[in-house]
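Asks: Handing you a structure now.
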Amino acid sequence: MRKDLGAKTLMFPMMVLILGTYDEKGEPDAMNAAWGSIYDYNQVTVSLASHVTTDNIRKNKAFTISFGTRKTVKACDYVGLVSKAKEAKKIEKSGLHPVKSKHVNAPLFEELPVALECKLISLEGNMGEGGTLIGEIVNVSVDESVLTNGKIDMKKFEPIAFDPANNKYNVIGEEIADAFKVGLSLK
Ligand SMILES: Cc1cc2nc3c(=O)[nH]c(=O)nc-3n(C[C@H](O)[C@H](O)[C@H](O)COP(=O)(O)O)c2cc1C
């Protein structure tokens with residue numbers, strides 16, 4: 001028997017994306033955004049409300065998207081709970097260490113091993129009500145610690161997803177089959 005839960009904002013997984021930006025003084029900020037995904041080839045999209053991050057992206061036309069991990073879950077949650085507008089020491093308190101990206105005017109974070117470096121394509125919508133961010137991925141930056149034979153190793157990376165049904169974070173990573181292959185036997 002199936003049950004109707006009604007019209008809810010549910011998607012599985014919703015990856016924990018940490019948006020890294022600079023303000024006009026070059027001070028770094030980070031925020032948690034679970035409402036985001038791939039939009040097109042080399043393009044990402046995030047549903048953004050009005051935040052310091054949103055202003056920073058409009059000003060610099062650049063941002064990074066790092067993936068939250070098991071080890072950094074506390075910092076990832078913190079940057080989603082506190083705004084730089086209210087806490088000037090947000091980044092120091094988070095324990096994340098910003099490093100300038102070589103490709104875009106936005107920070108990477110030492111503790112977050114996989115990041116997309118992005119240029120703004122569009123940020124449509126009213127500031128107060130938020131908008132839809134679309135960015136071009138110009139580079140993917142990866143810490144060697146999560147690579148095996150040059151490829152991202154999910155067991156080392158341990159990215160986390162936000163579970164919107166239960167307000168929890170879950171680790172992603174158990175491999176169960178080969179994509180584009182496991183279904184071939186049913187053809
Ligand atoms: C799990 C989680 C997911 C979130 N997802 C989004 C999101 O997709 N879009 C958004 O605008 N805000 C989202 N937020 C809220 C922002 O991260 C939060 O308002 C943050 O403090 C903004 O920081 P800033 O003002 O320093 O930019 C999320 C927060 C949490 C904890």
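Residue numbering restarts at 1 in every chain; chains get A, B, ... in the order shown in the structure tokens, and ligands count up from 1 in that same order.
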Please identify the residues whose atoms come within 7 Å of ligand 1, using only C-alpha atoms and all ligand atoms, and report them as number ranges by chain.

Replies: A: 16, 29-36, 46-54, 77, 79-85, 162

Asks: Would you write out those residues with C-alpha atoms, as a PDB file, in the first residue's frame?

Replies:
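And here's out-v9.pdb as it stands now:
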ATOM      1  CA  VAL A  16      25.329  19.512   0.906  1.00  0.00           C
ATOM      2  CA  ASP A  29      32.046  33.764   3.345  1.00  0.00           C
ATOM      3  CA  ALA A  30      30.578  30.267   3.091  1.00  0.00           C
ATOM      4  CA  MET A  31      26.973  29.063   3.153  1.00  0.00           C
ATOM      5  CA  ASN A  32      25.200  25.724   3.018  1.00  0.00           C
ATOM      6  CA  ALA A  33      22.866  25.188   0.042  1.00  0.00           C
ATOM      7  CA  ALA A  34      21.062  21.909  -0.414  1.00  0.00           C
ATOM      8  CA  TRP A  35      18.726  23.150  -3.171  1.00  0.00           C
ATOM      9  CA  GLY A  36      21.223  22.793  -5.963  1.00  0.00           C
ATOM     10  CA  VAL A  46      21.237  26.678  -6.892  1.00  0.00           C
ATOM     11  CA  SER A  47      18.006  28.092  -5.537  1.00  0.00           C
ATOM     12  CA  LEU A  48      19.196  31.079  -3.500  1.00  0.00           C
ATOM     13  CA  ALA A  49      17.321  33.287  -1.078  1.00  0.00           C
ATOM     14  CA  SER A  50      18.658  36.705  -0.078  1.00  0.00           C
ATOM     15  CA  HIS A  51      21.972  36.200   1.788  1.00  0.00           C
ATOM     16  CA  VAL A  52      25.404  37.806   2.097  1.00  0.00           C
ATOM     17  CA  THR A  53      26.491  35.064  -0.324  1.00  0.00           C
ATOM     18  CA  THR A  54      23.860  36.176  -2.859  1.00  0.00           C
ATOM     19  CA  ASP A  77      25.757  22.907   9.275  1.00  0.00           C
ATOM     20  CA  VAL A  79      27.625  27.971   7.837  1.00  0.00           C
ATOM     21  CA  GLY A  80      23.967  27.215   7.066  1.00  0.00           C
ATOM     22  CA  LEU A  81      22.779  28.401  10.472  1.00  0.00           C
ATOM     23  CA  VAL A  82      24.677  31.675  10.822  1.00  0.00           C
ATOM     24  CA  SER A  83      24.893  34.631   8.410  1.00  0.00           C
ATOM     25  CA  LYS A  84      28.055  36.665   7.896  1.00  0.00           C
ATOM     26  CA  ALA A  85      25.728  39.663   8.265  1.00  0.00           C
ATOM     27  CA  PHE A 162      20.816  16.558   3.383  1.00  0.00           C
TER      28      PHE A 162
END

Asks: As a compact mmCIF listing (two decimals) with C-alpha atoms, in the first residue's frame, please: the residues near Val73 (chain A) (cut-off 12 Å, only C-alpha atoms, same-chain neighbours under 2 positions excluded).

Replies:
# COMPACT_ATOMS: atom_id res chain seq x y z
CA VAL A 16 25.33 19.51 0.91
CA LEU A 17 26.83 22.26 -1.24
CA ILE A 18 29.00 24.88 0.42
CA ASN A 32 25.20 25.72 3.02
CA PHE A 67 30.84 19.35 -1.22
CA GLY A 68 30.24 18.81 2.47
CA THR A 69 31.87 15.70 3.90
CA ARG A 70 31.53 13.40 6.90
CA LYS A 71 34.52 15.05 8.62
CA ALA A 75 31.18 23.28 9.96
CA CYS A 76 28.81 22.69 7.03
CA ASP A 77 25.76 22.91 9.27
CA TYR A 78 27.16 25.98 11.07
CA VAL A 79 27.63 27.97 7.84
CA GLY A 80 23.97 27.22 7.07
CA SER A 94 33.48 27.47 11.36
CA GLY A 95 37.05 26.15 11.44
CA LEU A 96 37.22 26.25 7.63
CA GLU A 111 39.02 21.14 4.72
CA LEU A 112 36.60 20.59 1.79
CA GLU A 158 32.66 10.65 1.91
CA PRO A 159 30.34 13.43 0.64
CA ILE A 160 27.18 14.10 2.62
CA ALA A 161 23.57 14.68 1.60
CA PHE A 162 20.82 16.56 3.38
CA LYS A 168 19.45 14.77 8.87
CA TYR A 169 22.78 14.51 7.10
CA ASN A 170 23.75 11.17 5.52
CA VAL A 171 27.01 9.94 4.06

Asks: Step one, run DSSP on the backbone; step two, keep only residues of region 6-73 of chain A assigned to alpha helix (DSSP H); then write them as a PyMOL selection string.

Replies: chain A and resi 52-60+73

Asks: CA of Leu120 (chain A) and CA of Ala62 (chain A), how far apart in Å?

Replies: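 It comes out at 5.3 Å.
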
Asks: Nearest residue to Ser101 (chain A) out of A:Val182, A:Ala177, A:Cys118, A:Leu10, using only C-alpha atoms?

Replies: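 Among the listed residues, the smallest separation from Ser101 (chain A) belongs to A:Cys118.
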
Asks: Restricting the calculation to only C-alpha atoms: of A:Glu124, A:Glu27, A:Asp40, A:Asp55, which residue gets closest to Glu92 (chain A)?

Replies: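 Result for the nearest residue to Glu92 (chain A): A:Glu27.
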
Asks: For CA of Glu136 (chain A) and CA of Glu117 (chain A), quote the distance in Å rounded to one decimal.

Replies: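 These atoms are spaced 8.2 Å apart.
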
Asks: Please report the interatomic distance between CA of Thr64 (chain A) and CA of Leu108 (chain A) in Å with one decimal.

Replies: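 That distance, rounded to one decimal, is 6.6 Å.
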